[in-house]
Amino acid sequence: MEEIIVTVAAALALGMVAYELRVPPLVGFLAAGFFLHFLGFTAFAGLQEVSDLGVVLLLFTIGLKFDLRSLLQPEAYGTAALHMITVVLVGSGTIGLASVIGVISLHGGLGTVGLLGFALSFSSTVLVVKVLEDRSDDGSYYGQIAIAILVLQDLAAVAFITIAGEESPSPWAFALVLLVPAAWVLHRLLDRIGRGELLVLFGAVMALGPGYVAFESVGIHGDLGALAMGLLFAGHPRSGELSKSLFSVKELFLVGFFVVIGLQAAPSWSDLGMALILCAVLLPFNFVSFYLMGRLFGLRNRTSIRTSLALSNFSEFALIVVAVGVGNGVFDNSWLTITALAVAVGMIASSLANARSLQIVARLDAVLPSENEARLRPTDRPLDTGDAEVVVLGMGRIGRGAYERFVDLGARSVIVIDNDHAVIDALITDGFTVLEGDATDHEFWHRLVVGGNAHTVVLAMALHDSNTFALDQLRIAGFDGTIAAVVQRPDQAAHFNQSGVHAVVNIYSGSGAAVADAAMNTQQR
């Protein structure tokens with residue numbers, strides 16, 4: 001029990017330190033693993049299982065929100081294929097050169113270095129999806145591209161693990177196709193499931209039962225099964241609600257994942273040196289490679305940069321691939337330590353970079369060559385609000401309510417901007433005027449102010465940082481109309497009031513006032 005308490009306390013303490021330093025808490029969880037390993041602690045019994053459960057639930061929730069059509073886009077499958085080829089070549093060359101100059105010893109030929117390069121060609125599904133969820137970008141255009149690339153990479157990793165494993169998939173694997181017709185029954189069951197703990201249990205059972213366990217039992221990696229089960233529920237009206245119900249449970253278990261990554265490293269100086277070399281060479285190369293391929297397939301500078309920032313890291317699957325290689329005697333055990341270090345350092349670097357993604361995107365976009373709008377993918381062309389007089393950013397409950405209220409009050413032209421493709425499809429079906437786009441795009445604000453007719457802007461996005469960035473862009477563009485903003489905390493309200501926002505509404509205190517007004521009105525009747 002003491003080991004559990006110490007591990008959880010260390011994760012909490014260093015997670016809080018990371019939060020105070022304005023970096024993602026997962027950086028603190030990784031640091032907790034390194035710190036505990038330095039003190040001589042090892043993973044307590046069950047921590048690995050907790051970690052695995054977090055990954056299974058994560059992949060299940062990815063499937064719930066993922067649009068399979070994204071896999072058919074050339075910016076997804078083309079980028080995934082070309083990037084894997086180039087990283088294998090560059091990674092193999094880096095490892096081979098390090099071996100030649102004596103940084104690390106390596107036994108084997110081109111096949112050995114090629115396998116190591118292949119292991120380092122994946123991006124971390126866990127990290128990327130967590131970063132996207134934290135920014136509410138998992139449904140955005142660039143977020144869906146990033147997830148599609150991750151899914152394709154994971155399929156390649158699972159295929160390798162299956163082929164290289166000691167046992168091939170069972171002939172019973174073909175029976176998994178029965179899950180497709182069975183989905184109709186499971187959908188009807190979800191219709192009847194209540195909320196709260198029942199919904200959480202239903203999601204966990206679906207991810208672990210017909211998902212993980214069913215696939216593992218026929219010799220296919222269970223993580224793929226969890227993703228597949230999520231995809232089977234993606235079209236259900238309650239898929240979003242199911243994903244939200246699992247959020248806290250999944251986040252708690254994923255703490256174990258990041259702590260385990262840190263606990264796995266027991267490096268020598270040469271191991272640490274090799275891991276740092278891999279990070280110094282491959283992380284910048286990943287960024288440049290993903291950016292250039294995004295541009296090649298018709299993405300804007302901003303979209304390519306944001307996708308590149310999210311994907312420039314190493315995957316947890318690298319550890320599995322290397323472990324398979326060690327088990328088959330392809331290379332010695334030290335490479336598992338080197339890979340674990342590279343994965344951990346890469347996650348820390350990627351987390352720090354993504355914490356300042358808006359600023360990085362703005363600076364790079366300002367100096368990179370302008371794109372030819374006619375050659376861009378239609379879904380990634382700059383937004384034009386046309387004759388809209390009122391623009392609402394973010395179509396959650398608050399944004400939707402603001403839109404409907406403006407319409408009721410007779411506003412002549414109201415338009416909504418949101419970045420979640422699934423939300424937008426539903427809104428268009430309901431008759432809303434809505435555009436899909438990135439409201440943190442400075443070019444969008446320039447068009448709005450210079451060429452548009454908007455006199456009112458409502459900042460109703462889920463993240464305060466996104467609303468703040470949008471406010472800064474409005475000021476830079478010289479917008480002189482009315483700005484209203486939604487906040488969740490008093491300090492956020494104070495910040496917007498000091499920044500000159502005309503109307504600031506705290507959604508919690510505002511709701512309380514509305515309830516009190518309704519009660520008073522009832523008494524007066």
# chains A, B, ... in the order shown; residues from 1 in each chain; ligands from 1
call {"tool": "residues_around", "arguments": {"residues": "region 394-402 of chain A", "least_positions_apart": "3", "cutoff": "10 Å", "atoms": "only C-alpha atoms", "output": "list in words"}}
result
Val391, Arg405, Phe406, Val407, Asp408, Val414, Val416, Ile417, Asp418, Asn419, Asp420, Val423, Ile424, Leu427, Phe432, Val434, Asp438, Ala439, Val458, Leu459, Ala460, Met461, Ala462, Leu463, Asn467, Val486 and Ile507 of chain A
call {"tool": "select_by_dssp", "arguments": {"residues": "region 65-150 of chain A", "states": "helix (DSSP H, G or I)", "output": "PyMOL selection string"}}
result
chain A and resi 65+68-72+74-100+110-119+125-134+141-150
call {"tool": "write_last_selection", "arguments": {"atoms": "C-alpha atoms", "output": "tab-separated table (two decimals), in the first residue's frame"}}
result
chain	number	residue	atom	x	y	z
A	65	LYS	CA	-15.64	10.71	-32.06
A	68	LEU	CA	-13.89	7.20	-40.78
A	69	ARG	CA	-14.04	9.35	-43.92
A	70	SER	CA	-10.87	11.07	-42.68
A	71	LEU	CA	-8.89	7.91	-43.48
A	72	LEU	CA	-9.80	8.27	-47.15
A	74	PRO	CA	-4.93	11.99	-49.20
A	75	GLU	CA	-3.67	14.39	-46.51
A	76	ALA	CA	-4.11	11.49	-44.07
A	77	TYR	CA	-3.02	8.30	-45.85
A	78	GLY	CA	-0.50	10.08	-48.10
A	79	THR	CA	1.16	11.85	-45.18
A	80	ALA	CA	1.18	8.69	-43.03
A	81	ALA	CA	2.87	6.62	-45.75
A	82	LEU	CA	5.45	9.18	-46.90
A	83	HIS	CA	6.34	10.23	-43.37
A	84	MET	CA	6.91	6.65	-42.25
A	85	ILE	CA	9.25	6.01	-45.19
A	86	THR	CA	11.30	9.17	-44.63
A	87	VAL	CA	11.57	8.71	-40.85
A	88	VAL	CA	12.69	5.10	-41.25
A	89	LEU	CA	15.46	6.31	-43.56
A	90	VAL	CA	16.54	9.24	-41.40
A	91	GLY	CA	16.20	7.31	-38.13
A	92	SER	CA	18.17	4.36	-39.49
A	93	GLY	CA	20.87	6.69	-40.78
A	94	THR	CA	21.12	8.47	-37.42
A	95	ILE	CA	21.40	5.20	-35.49
A	96	GLY	CA	23.90	3.76	-37.98
A	97	LEU	CA	26.09	6.88	-37.81
A	98	ALA	CA	25.98	6.88	-34.00
A	99	SER	CA	27.10	3.25	-34.04
A	100	VAL	CA	29.97	4.00	-36.43
A	110	LEU	CA	20.52	-2.95	-42.15
A	111	GLY	CA	17.53	-4.93	-40.91
A	112	THR	CA	18.36	-4.06	-37.31
A	113	VAL	CA	18.70	-0.31	-37.84
A	114	GLY	CA	15.68	-0.37	-40.16
A	115	LEU	CA	13.54	-1.94	-37.44
A	116	LEU	CA	14.65	0.71	-34.94
A	117	GLY	CA	13.87	3.44	-37.47
A	118	PHE	CA	10.44	1.86	-38.01
A	119	ALA	CA	9.77	1.87	-34.26
A	125	THR	CA	-1.71	8.28	-29.87
A	126	VAL	CA	-2.14	8.78	-26.13
A	127	LEU	CA	-0.27	12.08	-26.02
A	128	VAL	CA	-1.70	13.58	-29.20
A	129	VAL	CA	-5.32	12.78	-28.39
A	130	LYS	CA	-4.89	14.10	-24.85
A	131	VAL	CA	-3.42	17.36	-26.19
A	132	LEU	CA	-6.28	17.68	-28.69
A	133	GLU	CA	-8.92	16.95	-26.04
A	134	ASP	CA	-7.40	19.46	-23.63
A	141	TYR	CA	-10.19	19.60	-39.21
A	142	TYR	CA	-6.52	19.45	-38.25
A	143	GLY	CA	-7.39	17.28	-35.23
A	144	GLN	CA	-9.21	14.76	-37.40
A	145	ILE	CA	-6.26	14.68	-39.82
A	146	ALA	CA	-3.86	14.07	-36.94
A	147	ILE	CA	-6.05	11.28	-35.51
A	148	ALA	CA	-6.43	9.68	-38.97
A	149	ILE	CA	-2.63	9.60	-39.33
A	150	LEU	CA	-2.35	8.09	-35.85
call {"tool": "residues_around", "arguments": {"residues": "region 315-330 of chain A", "least_positions_apart": "4", "cutoff": "10 Å", "atoms": "only C-alpha atoms", "output": "PyMOL selection string"}}
result
chain A and resi 107-109+111-113+115-128+150+153-154+157-158+160-161+164-166+257-258+261+311+334-340+342-344+346-347
